[in-house]
Amino acid sequence: MENIRIKVDKVKTPSLHLSNLEITLGKVLEEEWEEKMGPTPFPTSTDLRSWDHKLLQKYKPVYLPYCDVCCLCTMGKCDLTSGKRGACGLDIWAQQSRIVLVACCIGASTHVGHARHLVEYLINRFGRDAPIDIGSKVGVEIEAPVTRLVCGIKPKKLGDLEEVLSYLEREIVQLLAATHTGQEGDNIDFESKVFHAGMIDQVGMEVADIAQISALGYPKADPEAPLVELGMGTIDSSKPMVLVIGHNVPPAAHIIDYLQDHGLMGKVEVAGICCTAHDLTRYNPKAKIVGPLSWQLRFIRSGVPDVIVVDEQCIRTDVLKEAQAIKAPVIATTAKDCQGLPDLTKEDADEIVKRIVEGQIPGALILKPEKAGEVAARVATLIAPKRMKFKVIPDVSVVIEWGKRCAQCKDTPCRRACPNDLPIPEAMDAAEKGDISKFALLYDLCIGCGRCEHACTNAAPIHSLIVASAQKQIRDEKFYVRSGRGAVQDVEIRRVGGPIVLGEIPGVIALVGCSNYPASGVEVAQIAEEFAKRRYIVVTSGCSAMSIGMYRDEEGKTIYETFPGSFDAGGVTNVGSCVANAHIAGAAIKIASIFAKRSLRGNYEEIADYIHNRVGAVGIAWGAMSQKAAAIASGFWRLGVPVIVGPHGSKYRRMLLGRSDRDEDWMVYDARTGEKVYAGPCPEHLFYAAETKEEAMVMAAKLVMRANDTAKGRAIKLSHYIDLHKKFYGVAPSDLHLFVRSESDLSVTIREEVMKVLKEKGWKEKPIPDPTLLPRMIRKEG
Amino acid sequence: MAAEPWQVAEISGPVKAFVIQKPAVVVGMMRKAQRAVLVAGHLSLQRLKEGSALDYALDIAKFGGADFVATAHIIGEVKNRGYDNAYSMPAMDIAGRLQDAEWSGLDGKGRYDLALFIGLPYYMAWTILSGLKHRATHLKTISIDKYYQPHATWSFPNLTEQAWEENLKAVKEALRGVRR
């Protein structure tokens, strides 16, 4: 039975005048789920602490302090170098973990806040009883695996998500409270809370995405979701253009609705940057994607957008200043990012349009998505003839002029401000001589932060010079990305669950996260292509999913045109925006449920134990930048899934590294006998920053190994590991003795060669356990 | 020769690396060390006038009696140069193990008391050296990269490519002389 709810739209009597009265009398739990409730529904941070500690015993924090001091209270700054403690008693290790927890709380609250806003908006629009349906026509019966696992409930209607959100919000408040001065003091307990924040984040992402998939008509677990256009070169600059930036789609969806309702679709370009772009194309595949978040400066400065609509997350905070430089108005649409604009939410749309188009105001804060959509669409059409695509990207002659004016500072402040140490002075030097090719080469390597410009003693618009020099690349920036499909189908899990657990599909490689790449985003595409060709399952989301599309193979095809979108060996599956990351975790959870018939309901520890020991999945967040990325990663850590980040990820302050040289760290229970046995370093690390893409690929091939691999599965995984190692390192790996348990773990083609080396190292055969970290999973009686 | 981080916002804190004014400091530290290890990242493949930074690093390790660890994917380049005793290990792994005072080294013969770094991305070396500064009180660290690393015990200052090569060459030659 549902909540008992009484809703009265309007009652008017001589003594009573009521409108929009709604009374909820509580909830009667409906018991129609054959799974029994597990031990930890709606867990607090300490309910799963013992599980966290088991993982953290294997994967100890290795700290990389980003700062020697703590400055979070007025007793500081405190010098924490070399073992000193601060005024509150905290040491530098707990301080690092505390900052990681703060970051993950920021990330989790961002996703949960996003989910809360979406759910409220969708309930307001479609009602609490609107069904959750993320693919019932293709047999998706487990609609919310993460929520089922964590909360122990099956959400059926949008209204059911409110209870989940309340739980998430409560937990984030408790976690953030733990970071206050004089609360938690133990670094490992901080880390446990980090895991909890990640789990909360994962549920929040799932809530957001299943709500929007259900209500907004997105592709529903569709492996053949449409290919949509991607890249600056795809935007028709002869048309009025609305650019949307951020993650929260309702305003963008209303722009599409307005254009459709007024016969303007096709006459106005609508395109997005960052995850709103993904969700916009899920809403309507005729919309386009400009690129990942690092494309903001370059595209705004191109002058193509006539109006810029921002919602939330990963938006350049100077977007208004940049927009004003090209005479384009900004419409802010959420309370999280008001941009200092006047709140005109309650004002008439005609009046807002008039004030913006006449230049009375630089934009507006409009908190009603429908009104924001209407205003944006109307402003674009009216302002476009006035703006005439006014741009600040200069002509090539100006690039050369700036080259001549460059002071060639001895201490190269532009280069030293660049996160990737790009050789800007050399490009300036070449430009002085009329050669802009060195500037053009920087285009792909630049993350679009603009720090070089602020550092320049001449105030040269260096980023604009890079973009001006790369006009050919920009014209050719015409690619495809498969629109975000959402969840993985249950039937797909039935097909691949066994081969993944047994190791016959060598692994699931999830390429996720932001675009803070150490070099070109093409590296992400190369990683995806390498693993897809080897018939791993490649899954992707967010900015990484865009970067994967911005690359053509020798036949001129994008990866999404070459590889199918199915969750299968050799598939490249774009699940969608950041919040769609929950479907990647969901797929792993569904393997435990559908293939292994494990109960999900409030049964986190057992399922995480299953995934950790059996599901060969690895996340690669090659350009991870944000606090959200930290939270997303930590959600996977608690499930025991390792995450590799790019070299900039070392700035997350600590790694979670296993020690393959300590046999005692790799003991598991054999569930058949109850004995503790050595299972090898599988997976070897839980959080790890790779220095190069080559290292990341080799490490990913290693981290998909699991204690449970069958001999056949381990042989396949080892073959790829050895082959990738030889391909990129030029030599065979030296740690094979850790991963070969018996001769049959090696394929016939390499067995003789490898066994010879192993025997020289004194290798001994090891048993293959039925692995678990949980004593209660031991089946032996007595 | 100022102690300024290369990436200007990378301000470390109260304890900063001593600037290596003369290559002899590196030579002296290596001579004094009981057990040294040199960690070379992929950027050491950078070509200099008379060889790559990797070539200098290999010679410095060889003449200075240090173990050699190639990080990232460059072990093949090292073996191609005939250094069969070199180890391959990810930067994060060697960083973690050097933090451990109980770790007995790559060959199991005892912990290191000196670690030299070259060729890692600046910010990655920065964070790794920070971890070692705080945790590995048993270890001295030296950055022989082109740019100042404030978290090392000792570091070259920010150098031109030419000055960097001259310094690497001077260290190499001095160690070769010591070895003789």
# chains A, B, ... in the order shown; residues from 1 in each chain; ligands from 1
call {"tool": "interface_residues", "arguments": {"of": "chain A", "to": "chain B", "cutoff": "7 Å", "atoms": "only C-alpha atoms", "output": "MDAnalysis selection string"}}
result
chainID A and resid 62:69 79 81:83 416:417 647 650:651 689 691:692 694:695 728:731
call {"tool": "residues_around", "arguments": {"residues": "Gly110 (chain B)", "least_positions_apart": "6", "cutoff": "12 Å", "atoms": "only C-alpha atoms", "output": "count of residues only"}}
result
11
call {"tool": "residues_around", "arguments": {"residues": "Val100 (chain A)", "least_positions_apart": "6", "cutoff": "9 Å", "atoms": "only C-alpha atoms", "output": "PyMOL selection string"}}
result
chain A and resi 190-191+194+627+630+652-654
call {"tool": "write_last_selection", "arguments": {"atoms": "C-alpha atoms", "output": "PDB file, in the first residue's frame"}}
result
ATOM      1  CA  PHE A 190      38.168   9.106   7.852  1.00  0.00           C
ATOM      2  CA  GLU A 191      38.791   6.811   4.891  1.00  0.00           C
ATOM      3  CA  VAL A 194      35.120   8.587   2.417  1.00  0.00           C
ATOM      4  CA  GLN A 627      35.268  16.634  -6.160  1.00  0.00           C
ATOM      5  CA  ALA A 630      36.533  11.852  -6.191  1.00  0.00           C
ATOM      6  CA  TYR A 652      43.859  13.865  -4.821  1.00  0.00           C
ATOM      7  CA  ARG A 653      46.330  13.590  -1.914  1.00  0.00           C
ATOM      8  CA  ARG A 654      46.461   9.880  -1.394  1.00  0.00           C
TER       9      ARG A 654
END
call {"tool": "residues_around", "arguments": {"residues": "Tyr148 (chain B)", "least_positions_apart": "3", "cutoff": "10 Å", "atoms": "only C-alpha atoms", "output": "list in words"}}
result
Met1, Ala2, Ala3, Glu4, Pro5, Trp6, Gln7, Ala17, Phe18, Val19, Ile20, Tyr122, Trp126, Ser143, Ile144, Asp145, His151, Ala152, Trp154, Ser155, Phe156, Pro157, Asn158 and Leu159 of chain B
call {"tool": "atom_distance", "arguments": {"atom1": "CA of Lys16 (chain B)", "atom2": "CA of Leu80 (chain A)"}}
result
13.4 Å
call {"tool": "atom_distance", "arguments": {"atom1": "CA of Arg672 (chain A)", "atom2": "CA of Arg148 (chain A)"}}
result
28.0 Å
call {"tool": "residues_around", "arguments": {"residues": "Ala174 (chain B)", "least_positions_apart": "3", "cutoff": "9 Å", "atoms": "only C-alpha atoms", "output": "list in words"}}
result
Pro23, Ala24, Val27, Phe63, Lys169, Ala170, Val171, Gly177, Val178 and Arg179 of chain B
call {"tool": "closest_residue", "arguments": {"among": "B:Leu38, B:Leu54, B:Met29, B:Ala66", "to": "Ile94 (chain B)", "atoms": "only C-alpha atoms"}}
result
B:Leu38
call {"tool": "select_by_dssp", "arguments": {"residues": "region 69-159 of chain B", "states": "strand (DSSP E or B)", "output": "ChimeraX atom specification"}}
result
/B:69-70,87-88,114-118,140-143,154-155
call {"tool": "write_last_selection", "arguments": {"atoms": "N, CA and C atoms", "output": "PDB file, in the first residue's frame"}}
result
ATOM      1  N   VAL B  69      65.305   2.474 -10.996  1.00  0.00           N
ATOM      2  CA  VAL B  69      63.900   2.126 -11.232  1.00  0.00           C
ATOM      3  C   VAL B  69      63.364   2.967 -12.381  1.00  0.00           C
ATOM      4  N   ALA B  70      62.888   2.296 -13.416  1.00  0.00           N
ATOM      5  CA  ALA B  70      62.209   2.986 -14.522  1.00  0.00           C
ATOM      6  C   ALA B  70      60.717   2.947 -14.241  1.00  0.00           C
ATOM      7  N   TYR B  87      65.127  -1.988 -12.627  1.00  0.00           N
ATOM      8  CA  TYR B  87      63.801  -2.455 -12.226  1.00  0.00           C
ATOM      9  C   TYR B  87      62.735  -1.593 -12.895  1.00  0.00           C
ATOM     10  N   SER B  88      61.582  -2.193 -13.081  1.00  0.00           N
ATOM     11  CA  SER B  88      60.431  -1.452 -13.588  1.00  0.00           C
ATOM     12  C   SER B  88      59.362  -1.429 -12.500  1.00  0.00           C
ATOM     13  N   LEU B 114      68.706   7.003   0.467  1.00  0.00           N
ATOM     14  CA  LEU B 114      68.755   8.121  -0.484  1.00  0.00           C
ATOM     15  C   LEU B 114      67.983   7.739  -1.748  1.00  0.00           C
ATOM     16  N   ALA B 115      67.132   8.649  -2.207  1.00  0.00           N
ATOM     17  CA  ALA B 115      66.409   8.423  -3.466  1.00  0.00           C
ATOM     18  C   ALA B 115      66.541   9.653  -4.355  1.00  0.00           C
ATOM     19  N   LEU B 116      66.912   9.428  -5.609  1.00  0.00           N
ATOM     20  CA  LEU B 116      67.025  10.513  -6.572  1.00  0.00           C
ATOM     21  C   LEU B 116      65.883  10.392  -7.579  1.00  0.00           C
ATOM     22  N   PHE B 117      65.388  11.521  -8.023  1.00  0.00           N
ATOM     23  CA  PHE B 117      64.253  11.525  -8.952  1.00  0.00           C
ATOM     24  C   PHE B 117      64.565  12.363 -10.181  1.00  0.00           C
ATOM     25  N   ILE B 118      64.095  11.844 -11.319  1.00  0.00           N
ATOM     26  CA  ILE B 118      64.238  12.584 -12.572  1.00  0.00           C
ATOM     27  C   ILE B 118      63.137  12.113 -13.528  1.00  0.00           C
ATOM     28  N   LYS B 140      66.628  10.508   2.542  1.00  0.00           N
ATOM     29  CA  LYS B 140      66.880  11.816   1.935  1.00  0.00           C
ATOM     30  C   LYS B 140      66.497  11.715   0.451  1.00  0.00           C
ATOM     31  N   THR B 141      65.991  12.802  -0.071  1.00  0.00           N
ATOM     32  CA  THR B 141      65.616  12.771  -1.501  1.00  0.00           C
ATOM     33  C   THR B 141      66.311  13.905  -2.254  1.00  0.00           C
ATOM     34  N   ILE B 142      66.628  13.612  -3.500  1.00  0.00           N
ATOM     35  CA  ILE B 142      67.254  14.624  -4.358  1.00  0.00           C
ATOM     36  C   ILE B 142      66.503  14.657  -5.681  1.00  0.00           C
ATOM     37  N   SER B 143      66.120  15.855  -6.092  1.00  0.00           N
ATOM     38  CA  SER B 143      65.559  15.988  -7.435  1.00  0.00           C
ATOM     39  C   SER B 143      66.666  16.485  -8.354  1.00  0.00           C
ATOM     40  N   TRP B 154      67.006  17.915  -1.256  1.00  0.00           N
ATOM     41  CA  TRP B 154      67.867  18.754  -2.093  1.00  0.00           C
ATOM     42  C   TRP B 154      67.273  18.765  -3.504  1.00  0.00           C
ATOM     43  N   SER B 155      67.406  19.920  -4.173  1.00  0.00           N
ATOM     44  CA  SER B 155      66.887  19.979  -5.541  1.00  0.00           C
ATOM     45  C   SER B 155      67.715  20.941  -6.379  1.00  0.00           C
TER      46      SER B 155
END
call {"tool": "residues_around", "arguments": {"residues": "Asp257 (chain A)", "least_positions_apart": "6", "cutoff": "9 Å", "atoms": "only C-alpha atoms", "output": "ChimeraX atom specification"}}
result
/A:265,370,373-374
call {"tool": "closest_residue", "arguments": {"among": "A:Lys84, A:Lys137, A:Arg125, A:His262", "to": "Pro369 (chain A)", "atoms": "only C-alpha atoms"}}
result
A:Arg125
call {"tool": "atom_distance", "arguments": {"atom1": "CA of Leu686 (chain A)", "atom2": "CA of Leu511 (chain A)"}}
result
15.7 Å
call {"tool": "select_by_dssp", "arguments": {"residues": "region 18-146 of chain B", "states": "helix (DSSP H, G or I)", "output": "number ranges by chain"}}
result
B: 24-32, 42-45, 53-64, 75-80, 91-99, 122-135
call {"tool": "closest_residue", "arguments": {"among": "A:Lys193, A:His278, A:Arg662, A:Arg301", "to": "Val579 (chain A)", "atoms": "only C-alpha atoms"}}
result
A:His278
